[in-house]
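Data block below; observations after.
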Amino acid sequence: GMNVVFNFKGKAGSKVVYDGMYESSFYLADKIAISMGIFYSFCGQSYKDVKQADITWSMKLGLQYLKIPLKFDFIKGKESENQLIYTIGFYAGYLTWYKEENNVVGPTTTTTMVTKGSTIISTYSVSGTAGSSIQYELQSKPYNSIDYGASLGVGMQKKISSGLFLKLMFIGQKGFADIKNKESQYSDGTNLYSYFGTNINTSIPHKNSSIGLTIGLKKTFEWTPAPKTEQKRWRI
């Protein structure tokens with residue numbers, strides 16, 4: 001299935017999330033199932049034209065996560081009709097890639113900082129002149145590797161044929177972890193600097209949250225345990 005999520009979070013910020021996923025379920029009872037899966041999630045946040053003193057600040061952030069969800073599904077209704085589904089669970093995510101671009105425009109200067117992997121490329125230019133670039137080395141990444149949170153959803157499924165259903169779900173996720181590493185520092189080879197020390201959102205925690213629509217096909221397989229065979233003992 002594919003999950004497209006639109007997320008709006010924080011002052012002057014917006015986020016768009018796209019998930020590619022694989023999920024497998026096991027029925028604990030006739031109307032209760034437990035499911036696990038693997039998600040590869042693309043997240044992003046951006047804001048622009050934010051005024052601070054005599055400068056204008058813009059930012060773009062991209063994050064990619066490998067997520068493993070654990071959910072409990074509660075199904076209501078007959079299989080021959082449209083069935084309601086309620087789901088609740090948790091997820092854990094691992095940050096696999098990130099890129100952040102900050103653009104600061106002053107009265108006569110422009111500074112662009114691109115952070116990716118373990119380096120920062122800073123380009124500084126004065127109006128009417130070509131820019132010069134400096135590379136800094138990160139001592140620790142600005143975003144923590146681990147994310148986790150809860151999920152809650154509601155939806156329905158419609159039977160198409162024997163064991164095959166069309167499934168539509170509204171899913172919300174709320175992250176519990178602050179993904180910002182406030183202790184992150186970078187070096188110019190001589191001195192250390194705080195990564196978030198001059199960021200206008202330094203004091204604001206970064207917690208992932210999303211709400212979206214999932215549409216996919218669900219295939220069920222029935223398994224019947226083999227009957228026990230009676231063992232006879234013969235005496236001679």
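By order in the structure tokens, chains are A, B, ...; within a chain, residues start at 1; ligands start at 1, following the order shown.
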Discussion item. I'd like the neighbourhood of Gln157 in chain A as number ranges by chain, where a residue qualifies if any of its atoms comes within 6 Å (using only C-alpha atoms), though same-chain residues fewer than 5 positions away should be ignored.
Written reply: A: 82-83, 166-167
Produce a file of the selected residues containing N, CA, C and O atoms, as a PDB file, in the first residue's frame.
```pdb
ATOM      1  N   ASN A  82     -19.595  -3.660   4.325  1.00  0.00           N
ATOM      2  CA  ASN A  82     -18.486  -2.764   4.635  1.00  0.00           C
ATOM      3  C   ASN A  82     -18.179  -2.845   6.123  1.00  0.00           C
ATOM      4  O   ASN A  82     -19.059  -2.675   6.959  1.00  0.00           O
ATOM      5  N   GLN A  83     -16.927  -3.089   6.462  1.00  0.00           N
ATOM      6  CA  GLN A  83     -16.531  -3.251   7.857  1.00  0.00           C
ATOM      7  C   GLN A  83     -15.757  -2.024   8.339  1.00  0.00           C
ATOM      8  O   GLN A  83     -14.894  -1.504   7.630  1.00  0.00           O
ATOM      9  N   LEU A 166     -10.617  -4.238  -0.217  1.00  0.00           N
ATOM     10  CA  LEU A 166     -10.122  -2.885  -0.454  1.00  0.00           C
ATOM     11  C   LEU A 166     -10.174  -2.149   0.879  1.00  0.00           C
ATOM     12  O   LEU A 166     -11.228  -2.049   1.497  1.00  0.00           O
ATOM     13  N   LYS A 167      -9.023  -1.624   1.329  1.00  0.00           N
ATOM     14  CA  LYS A 167      -8.908  -1.056   2.666  1.00  0.00           C
ATOM     15  C   LYS A 167      -8.570   0.425   2.586  1.00  0.00           C
ATOM     16  O   LYS A 167      -7.639   0.829   1.876  1.00  0.00           O
TER      17      LYS A 167
END
```
Item to complete: Quick one: pick out all strand (DSSP E or B) residues within range 4-231 of chain A from a backbone DSSP run and write them as a PyMOL selection string.
Response: chain A and resi 4-7+14-29+32-52+55-76+83-105+109-116+119-126+132-138+143+146-161+164-175+180+185-187+192-194+209-219
Discussion item. Set the distance at 10 Å and use only C-alpha atoms: which residues neighbour Gly197 in chain A once local chain neighbours fewer than 6 positions away are removed? I'd like the list as a PyMOL selection string.
Written reply: chain A and resi 182-185+203
Worksheet item: What's the 9 Å shell around range 31-35 of chain A, counting only C-alpha atoms, without same-chain residues fewer than 3 positions away, as a VMD selection string?
Response: chain A and resid 23 to 28 69 to 77
So that I have them on file, write out the residues from the current selection with N, CA, C and O atoms, as a PDB file, in the first residue's frame.
```
ATOM      1  N   GLU A  23       3.011  -4.314   5.031  1.00  0.00           N
ATOM      2  CA  GLU A  23       2.410  -4.627   6.328  1.00  0.00           C
ATOM      3  C   GLU A  23       1.837  -6.035   6.313  1.00  0.00           C
ATOM      4  O   GLU A  23       1.296  -6.490   5.306  1.00  0.00           O
ATOM      5  N   SER A  24       1.972  -6.737   7.441  1.00  0.00           N
ATOM      6  CA  SER A  24       1.434  -8.084   7.582  1.00  0.00           C
ATOM      7  C   SER A  24       0.657  -8.174   8.887  1.00  0.00           C
ATOM      8  O   SER A  24       1.077  -7.623   9.905  1.00  0.00           O
ATOM      9  N   SER A  25      -0.510  -8.849   8.857  1.00  0.00           N
ATOM     10  CA  SER A  25      -1.379  -8.938  10.031  1.00  0.00           C
ATOM     11  C   SER A  25      -1.592 -10.391  10.440  1.00  0.00           C
ATOM     12  O   SER A  25      -1.558 -11.306   9.619  1.00  0.00           O
ATOM     13  N   PHE A  26      -1.838 -10.584  11.745  1.00  0.00           N
ATOM     14  CA  PHE A  26      -2.170 -11.896  12.288  1.00  0.00           C
ATOM     15  C   PHE A  26      -3.395 -11.741  13.172  1.00  0.00           C
ATOM     16  O   PHE A  26      -3.428 -10.884  14.056  1.00  0.00           O
ATOM     17  N   TYR A  27      -4.417 -12.521  12.904  1.00  0.00           N
ATOM     18  CA  TYR A  27      -5.673 -12.404  13.650  1.00  0.00           C
ATOM     19  C   TYR A  27      -5.552 -13.125  14.990  1.00  0.00           C
ATOM     20  O   TYR A  27      -5.276 -14.323  15.053  1.00  0.00           O
ATOM     21  N   LEU A  28      -5.774 -12.351  16.078  1.00  0.00           N
ATOM     22  CA  LEU A  28      -5.799 -12.937  17.417  1.00  0.00           C
ATOM     23  C   LEU A  28      -7.158 -13.555  17.714  1.00  0.00           C
ATOM     24  O   LEU A  28      -7.268 -14.486  18.500  1.00  0.00           O
ATOM     25  N   PRO A  69       6.096  -0.271  12.575  1.00  0.00           N
ATOM     26  CA  PRO A  69       4.909  -0.052  13.408  1.00  0.00           C
ATOM     27  C   PRO A  69       4.393  -1.361  14.004  1.00  0.00           C
ATOM     28  O   PRO A  69       4.567  -2.437  13.435  1.00  0.00           O
ATOM     29  N   LEU A  70       3.754  -1.247  15.164  1.00  0.00           N
ATOM     30  CA  LEU A  70       3.032  -2.357  15.794  1.00  0.00           C
ATOM     31  C   LEU A  70       1.638  -1.848  16.119  1.00  0.00           C
ATOM     32  O   LEU A  70       1.485  -0.906  16.896  1.00  0.00           O
ATOM     33  N   LYS A  71       0.605  -2.460  15.503  1.00  0.00           N
ATOM     34  CA  LYS A  71      -0.755  -1.953  15.644  1.00  0.00           C
ATOM     35  C   LYS A  71      -1.725  -3.077  15.999  1.00  0.00           C
ATOM     36  O   LYS A  71      -1.531  -4.231  15.618  1.00  0.00           O
ATOM     37  N   PHE A  72      -2.783  -2.683  16.701  1.00  0.00           N
ATOM     38  CA  PHE A  72      -3.893  -3.580  16.986  1.00  0.00           C
ATOM     39  C   PHE A  72      -5.117  -3.069  16.210  1.00  0.00           C
ATOM     40  O   PHE A  72      -5.498  -1.908  16.347  1.00  0.00           O
ATOM     41  N   ASP A  73      -5.708  -3.945  15.408  1.00  0.00           N
ATOM     42  CA  ASP A  73      -6.884  -3.592  14.610  1.00  0.00           C
ATOM     43  C   ASP A  73      -8.131  -4.238  15.212  1.00  0.00           C
ATOM     44  O   ASP A  73      -8.132  -5.439  15.516  1.00  0.00           O
ATOM     45  N   PHE A  74      -9.176  -3.441  15.358  1.00  0.00           N
ATOM     46  CA  PHE A  74     -10.459  -3.927  15.858  1.00  0.00           C
ATOM     47  C   PHE A  74     -11.480  -3.746  14.734  1.00  0.00           C
ATOM     48  O   PHE A  74     -11.721  -2.625  14.274  1.00  0.00           O
ATOM     49  N   ILE A  75     -12.075  -4.848  14.297  1.00  0.00           N
ATOM     50  CA  ILE A  75     -12.942  -4.856  13.120  1.00  0.00           C
ATOM     51  C   ILE A  75     -14.396  -5.050  13.547  1.00  0.00           C
ATOM     52  O   ILE A  75     -14.702  -5.936  14.347  1.00  0.00           O
ATOM     53  N   LYS A  76     -15.268  -4.214  13.015  1.00  0.00           N
ATOM     54  CA  LYS A  76     -16.691  -4.261  13.375  1.00  0.00           C
ATOM     55  C   LYS A  76     -17.523  -4.425  12.104  1.00  0.00           C
ATOM     56  O   LYS A  76     -17.340  -3.712  11.125  1.00  0.00           O
ATOM     57  N   GLY A  77     -18.482  -5.375  12.131  1.00  0.00           N
ATOM     58  CA  GLY A  77     -19.360  -5.599  10.997  1.00  0.00           C
ATOM     59  C   GLY A  77     -19.151  -6.953  10.366  1.00  0.00           C
ATOM     60  O   GLY A  77     -18.159  -7.656  10.629  1.00  0.00           O
TER      61      GLY A  77
END
```
Worksheet item: So what do you get for CA of Met59 in chain A versus CA of Tyr47 in chain A, distance-wise?
Response: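 Distance between the two atoms: 5.5 Å.
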Fill in: Atom pair CA of Pro142 in chain A / CA of His206 in chain A: separation (Å)
11.2 Å
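Each of A:Ile215, A:Ile68, A:Ala150, A:Cys43 was checked against Gln173 in chain A using only C-alpha atoms; the smallest atom-to-atom distance is that of A:Ala150.
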Find the nearest atom pair between each residue of range 117-154 of chain A and range 91-105 of chain A for residues within 7 Å, count only C-alpha atoms, give distances in Å to one decimal, sort rows by chain and ascending number, and present the table as JSON lines.
```
{"residue": "A:Ser145", "atom": "CA", "partner": "A:Leu95", "partner_atom": "CA", "distance": 4.7}
{"residue": "A:Ile146", "atom": "CA", "partner": "A:Tyr94", "partner_atom": "CA", "distance": 4.9}
{"residue": "A:Asp147", "atom": "CA", "partner": "A:Gly93", "partner_atom": "CA", "distance": 4.8}
{"residue": "A:Tyr148", "atom": "CA", "partner": "A:Ala92", "partner_atom": "CA", "distance": 4.3}
{"residue": "A:Gly149", "atom": "CA", "partner": "A:Tyr91", "partner_atom": "CA", "distance": 5.6}
{"residue": "A:Ala150", "atom": "CA", "partner": "A:Tyr91", "partner_atom": "CA", "distance": 6.2}
```
Worksheet item: What separation in Å, quoted to one decimal, exists between CA of Lys67 in chain A and CA of Lys48 in chain A?
Response: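 These two atoms are separated by 29.1 Å.
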Item to complete: Considering only C-alpha atoms, return as a ChimeraX atom specification whatever protein or nucleic-acid residues lie within 9 Å of Asp178 in chain A, sequence-local ones (same chain, fewer than 4 positions apart) excluded.
Response: /A:143-144,147,205-208
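In terms of minimum interatomic distance to Gln139 in chain A, A:Gly117 ranks closest within A:Gly62, A:Gly172, A:Gly117, A:Pro107, counting only C-alpha atoms.
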Worksheet entry | Selection near Val154 in chain A, 8 Å with only C-alpha atoms, sequence-local residues under 3 positions removed, as a list in words |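 In the requested form, the answer reads Leu84, Ile85, Tyr86, Thr87, Met169, Phe170 and Ile171 of chain A.
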